[in-house]
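**Student:** Supplied in structure tokens, the structure appears directly below.
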Amino acid sequence: MADTSPLLPFSHSLGPGSTYSSIRWRSKIVLLLVFSGLFLVPLIVSIASNDNGFKQHVQYLQEDDQNVSFSPPKETTKPQILRPGSRGVSAGVSEKANVNLKGAQEKGYPQNDSMLSWQRTSFHFQPEKNWMNDPNGPLYYKGWYHFFYQHNPHAAVWGDIVWGHAVSRDLINWFHLPLAIVSDEWFDINGVWTGSATILLNGKIVMLYTGSTNESVQVQNLAYPADHNDPLLLKWVKYSGNPVLVSPPGIDPNDFRDPTTAWYTSEGKWRITIGSKANNTGIALVYDTEDFINFKLSGVLHGVPGTGMWECVDFYPVSKTGQNGLDTSANGPHVKHVVKTSLDDVRKDSYALGTYDDKSGKWYPDNPEIDVGIGIMLDYGMFYASKTFYDQDKGRRVLWGWVAESDTEVDDVKKGWASLQGIPRTILLDTKTCSNLLQWPVEEVERLRLKGKEFNNIEVKTGSVMPLELDGATQLDIAAEFELDKKALESTAESNVDFSCSTSGGAAQRGALGPFGLLVLADDSLAEHTSVYFYVAKGNNGTHKTFFCTDQSRSSVANDVKKEIYGSYVPVLEGEKLSVRILVDHSIVESFAQGGRTVITSRVYPTRAIYGAARLFLFNNAIEATVTSSLKIWQMNSAFIRRYSNEQ
Ligand code: DQQ
């Protein structure tokens, strides 16, 4: 049965007469706004072509509040990204499938059933079948981790989006539960899109999510558990006065989505942010609320010109001591704040560290040159729409991220499923550099480790490849360290100062001091392999710069899968060895360099290096330096991921 006073300690302040009717009234004005939108279009267009117009508009909304303003810096010119349309685009969000590979079936590689079934993972979260995308509303409640996700229950492609739901005691073994929130109201009939959970001061939970309405515009809706005594939170109630928020004037209702977890302000209000854009400036709108029903736009948390639509914004504090995770409302001199955005234009998640001012509701980057969207990526590979939550049980902040497919949609349909979630990662500030986060697989994944094997001080000569004898290589946890020969490192003259993972020819391109690393999911002949490697560039003043990359260009002989080369710079401090942790689970390879300073997730689709034919190799393609490597490698057990039954 639904709670009678479902929401909120403060619901008493919402007298039935006043609030209910004002909410009903607001529902009506949604329709009015939709229609008036027709007349507002020219206005919106003019605002969108002039960010100052947006500023004026927000100010107009809040005439009495002189603090509310948004002054975006000048637009920088960026090449326009031309991309084919897709269902996602017509629905108001971008591609949800590999459009570049659509229609590739006629000339595509004939992956047979055993190849396709090998691709399903063994210890990563995925639904029993069909499509999944963004993580939604993760939380810990009464002994269970709850995970909700964007799900198409009808097909292995994006569409008909509702919220799937699963629970776990340890973030690794999962029980699938019935769908949590389905699209059955005008305010979400075209999709129950991304949203976030907030645990209120009285322990109750509220969920805010974006609904795609009967008119396919984006509004924000409120839902809450029907029974807070149910630890599984099986039933969810949609607030009768939904939507609780429509896009403000000047903001395209197709660019208004993905509310965050709320945090508490010093004024005793809750505050959320919602992703949007003004012209091509990605922005995070800020709203204050006391009851999750009435919201007041209070300005813009932050905006960055040229970064396009900001999806799935995440905003949270990290401790300056780097010891433990923090509740989303934590603030003060002991914290830095992270703004993370999912860049719709380039489908990458980017973050920056900075300072949050509770009074103005604004956030300022530590270094404007590496601001959100133009600096550091959370993961340089296939990882999007990520979201963190505070795990109050273990006092840690945990990150989830959607790992899409990079094969053809046709193959996804044949497999009957598409997309994974990355292994949940703990998030901490890197107190050694103070300029990046550390991401690391949650400790619980180590419980899946089976037989381990150690390889100590293996010398890998220049231009060589060495097999590592294992009993299997499709489910692995690898921890490896590398040291470049010191003499060679010193004597090498300036080399590869212009190196970049994606444009410098990949793992086959030899330089003085790299590449070197591991070939995972390789077959004996090396016709197929995925290279995970370091590359050291040396400047003429003797300084080194280290890069961490993944090269998928030889990951499969199939000609219809994406084979990008990913990666970036990784900070390496004085006295540190180069280190990498790699989780291999069939078609996913997640690689964490230097304790998680730089992370790369790949999806690969080998056809030969599968089942018992998969191997692991060390390689060193440097011309001048021998590499010494020590490794610990564990076979990984499979996780239990199955339907919940009452006996459990
Ligand atoms: N996915 C959802 C949107 C979000 C996008 C729709 C990001 O709410 O912006 O499935 O992948």
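Each chain in the structure tokens gets a letter, A, B and so on, in the order shown; residues start at 1 in every chain, and ligands are counted from 1 in the order they appear.
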Find the spatial neighbours of Gln552 of chain A, counting only C-alpha atoms, within a cut-off of 6 Å - ignore same-chain residues fewer than 3 positions away - and output them as an MDAnalysis selection string.

**Tutor:** chainID A and resid 530 555 563:565

**Student:** What would the file look like if the residues just selected were written as an mmCIF file, in the first residue's frame with all heavy atoms?

**Tutor:**
data_model
loop_
_atom_site.group_PDB
_atom_site.id
_atom_site.type_symbol
_atom_site.label_atom_id
_atom_site.label_comp_id
_atom_site.auth_asym_id
_atom_site.auth_seq_id
_atom_site.Cartn_x
_atom_site.Cartn_y
_atom_site.Cartn_z
ATOM 1 N N THR A 530 43.966 -6.893 -28.384
ATOM 2 C CA THR A 530 43.672 -5.529 -27.935
ATOM 3 C C THR A 530 44.853 -5.086 -27.084
ATOM 4 O O THR A 530 45.182 -5.738 -26.090
ATOM 5 C CB THR A 530 42.370 -5.513 -27.099
ATOM 6 O OG1 THR A 530 41.299 -5.951 -27.952
ATOM 7 C CG2 THR A 530 42.062 -4.125 -26.557
ATOM 8 N N SER A 555 41.655 -5.648 -32.728
ATOM 9 C CA SER A 555 40.928 -6.426 -31.714
ATOM 10 C C SER A 555 40.074 -7.526 -32.310
ATOM 11 O O SER A 555 39.706 -8.477 -31.618
ATOM 12 C CB SER A 555 40.051 -5.498 -30.889
ATOM 13 O OG SER A 555 39.145 -4.821 -31.748
ATOM 14 N N LYS A 563 36.816 0.220 -34.108
ATOM 15 C CA LYS A 563 38.126 -0.171 -33.565
ATOM 16 C C LYS A 563 38.960 1.075 -33.273
ATOM 17 O O LYS A 563 39.998 1.308 -33.881
ATOM 18 C CB LYS A 563 38.848 -1.067 -34.568
ATOM 19 C CG LYS A 563 38.096 -2.356 -34.879
ATOM 20 C CD LYS A 563 38.832 -3.171 -35.917
ATOM 21 C CE LYS A 563 37.988 -4.300 -36.410
ATOM 22 N NZ LYS A 563 38.599 -5.004 -37.546
ATOM 23 N N GLU A 564 38.494 1.843 -32.342
ATOM 24 C CA GLU A 564 39.185 3.107 -32.058
ATOM 25 C C GLU A 564 40.451 2.917 -31.227
ATOM 26 O O GLU A 564 40.623 1.891 -30.573
ATOM 27 C CB GLU A 564 38.244 4.024 -31.287
ATOM 28 C CG GLU A 564 37.204 4.658 -32.175
ATOM 29 C CD GLU A 564 36.324 5.612 -31.404
ATOM 30 O OE1 GLU A 564 36.839 6.618 -30.885
ATOM 31 O OE2 GLU A 564 35.124 5.344 -31.315
ATOM 32 N N ILE A 565 41.297 3.929 -31.258
ATOM 33 C CA ILE A 565 42.449 3.970 -30.350
ATOM 34 C C ILE A 565 42.152 5.075 -29.344
ATOM 35 O O ILE A 565 41.920 6.223 -29.718
ATOM 36 C CB ILE A 565 43.754 4.266 -31.115
ATOM 37 C CG1 ILE A 565 43.946 3.232 -32.232
ATOM 38 C CG2 ILE A 565 44.948 4.250 -30.153
ATOM 39 C CD1 ILE A 565 45.072 3.544 -33.185
#

**Student:** Run DSSP on the backbone and tell me which residues of segment 379-591 of chain A come out as helix (DSSP H, G or I); list them as number ranges by chain.

**Tutor:** A: 409-415, 443-448, 486-491, 506-508

**Student:** Taking only C-alpha atoms and all ligand atoms into account, which residues have an atom no farther than 10 Å from ligand 1? I'd like them as number ranges by chain.

**Tutor:** A: 88, 91-96, 132-136, 149-152, 158-163, 191-195, 209-212, 218, 254-259, 275-276, 309-313, 342-344, 347, 384-386, 402, 404

**Student:** Might you pull out every residue within 12 Å of Gly361 of chain A, with only C-alpha atoms counted and same-chain residues fewer than 4 positions away left off, and present them as JSON, numbers by chain?

**Tutor:** {"A": [67, 68, 69, 70, 263, 264, 265, 266, 267, 269, 270, 271, 272, 273, 284, 285, 286, 287, 288, 297, 298, 299, 300, 301, 302, 315, 355, 356, 357]}

**Student:** Check the smallest atom-to-atom distance from each of A:Val570, A:Leu521, A:Ala352, A:Val627 to Arg608 of chain A using only C-alpha atoms, then report the winner.

**Tutor:** A:Leu521

**Student:** Out of A:Asn190, A:Ser406, A:Thr388, A:Thr260, which residue has the shortest atom-to-atom distance to Val206 of chain A when counting only C-alpha atoms?

**Tutor:** A:Thr260

**Student:** Between atom CA of Asp412 of chain A and atom CA of His586 of chain A, what distance in Å does the model show, to one decimal?

**Tutor:**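 Separation between atom CA of Asp412 of chain A and atom CA of His586 of chain A: 15.3 Å.
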
**Student:** Just list the residues in segment 213-355 of chain A DSSP gives strand (DSSP E or B) on the backbone, as a ChimeraX atom specification.

**Tutor:** /A:218-225,236-238,245,256-257,263-264,270-278,281-289,295-304,310-319,335-343,348-355

**Student:** Within 12 Å of Lys394 of chain A, counting only C-alpha atoms, which residues qualify if same-chain residues fewer than 2 places away don't, as a PyMOL selection string?

**Tutor:** chain A and resi 140+143+145+170-171+324-327+389-392+396-398+426+442-444

**Student:** Would you work out the distance separating atom CA of Val410 of chain A from atom CA of Val557 of chain A, expressed in Å to one decimal?

**Tutor:**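 Distance between the two atoms: 17.4 Å.
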
**Student:** Quick one: residues within 10 Å of Leu470 of chain A, only C-alpha atoms, excluding same-chain residues fewer than 6 positions away - as a list in words?

**Tutor:** Lys451, Gly452, Lys453, Ala614, Arg615, Leu616, Ile633, Trp634 and Gln635 of chain A

**Student:** Write out as a PyMOL selection string the residues lying within 8 Å of segment 172-189 of chain A, counting only C-alpha atoms and excluding same-chain residues fewer than 2 positions away.

**Tutor:** chain A and resi 123-125+127+148+161-170+191-192+210-214+219+221+234-236+242-243+423+444-445+639-644

**Student:** Using only C-alpha atoms, which residues sit within 10 Å of Phe617 of chain A once same-chain residues fewer than 2 positions away are excluded, as a PyMOL selection string?

**Tutor:** chain A and resi 465-469+517-524+526+529+531+615+619

**Student:** Would you mind reading off the distance between atom CA of Ile283 of chain A and atom CA of Pro441 of chain A, one decimal, in Å?

**Tutor:**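 One can read the atom CA of Ile283 of chain A to atom CA of Pro441 of chain A distance as 29.9 Å.
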
**Student:** With distances taken over only C-alpha atoms, which of A:Leu200, A:Ala512, A:Leu578, A:Leu573 is nearest to Ser329 of chain A?

**Tutor:**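 Nearest candidate to Ser329 of chain A out of A:Leu200, A:Ala512, A:Leu578, A:Leu573: A:Leu200.
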
**Student:** Between A:Pro253, A:Pro515, A:Gly354, A:Gly401, which has the minimum distance to Ser435 of chain A (counting only C-alpha atoms)?

**Tutor:**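 Under the stated criterion, the closest residue is A:Gly354.
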
**Student:** Pick the closest to Tyr351 of chain A from A:Asn436, A:Asn280, A:Thr198, A:Thr261: which is it, counting only C-alpha atoms?

**Tutor:** A:Asn436
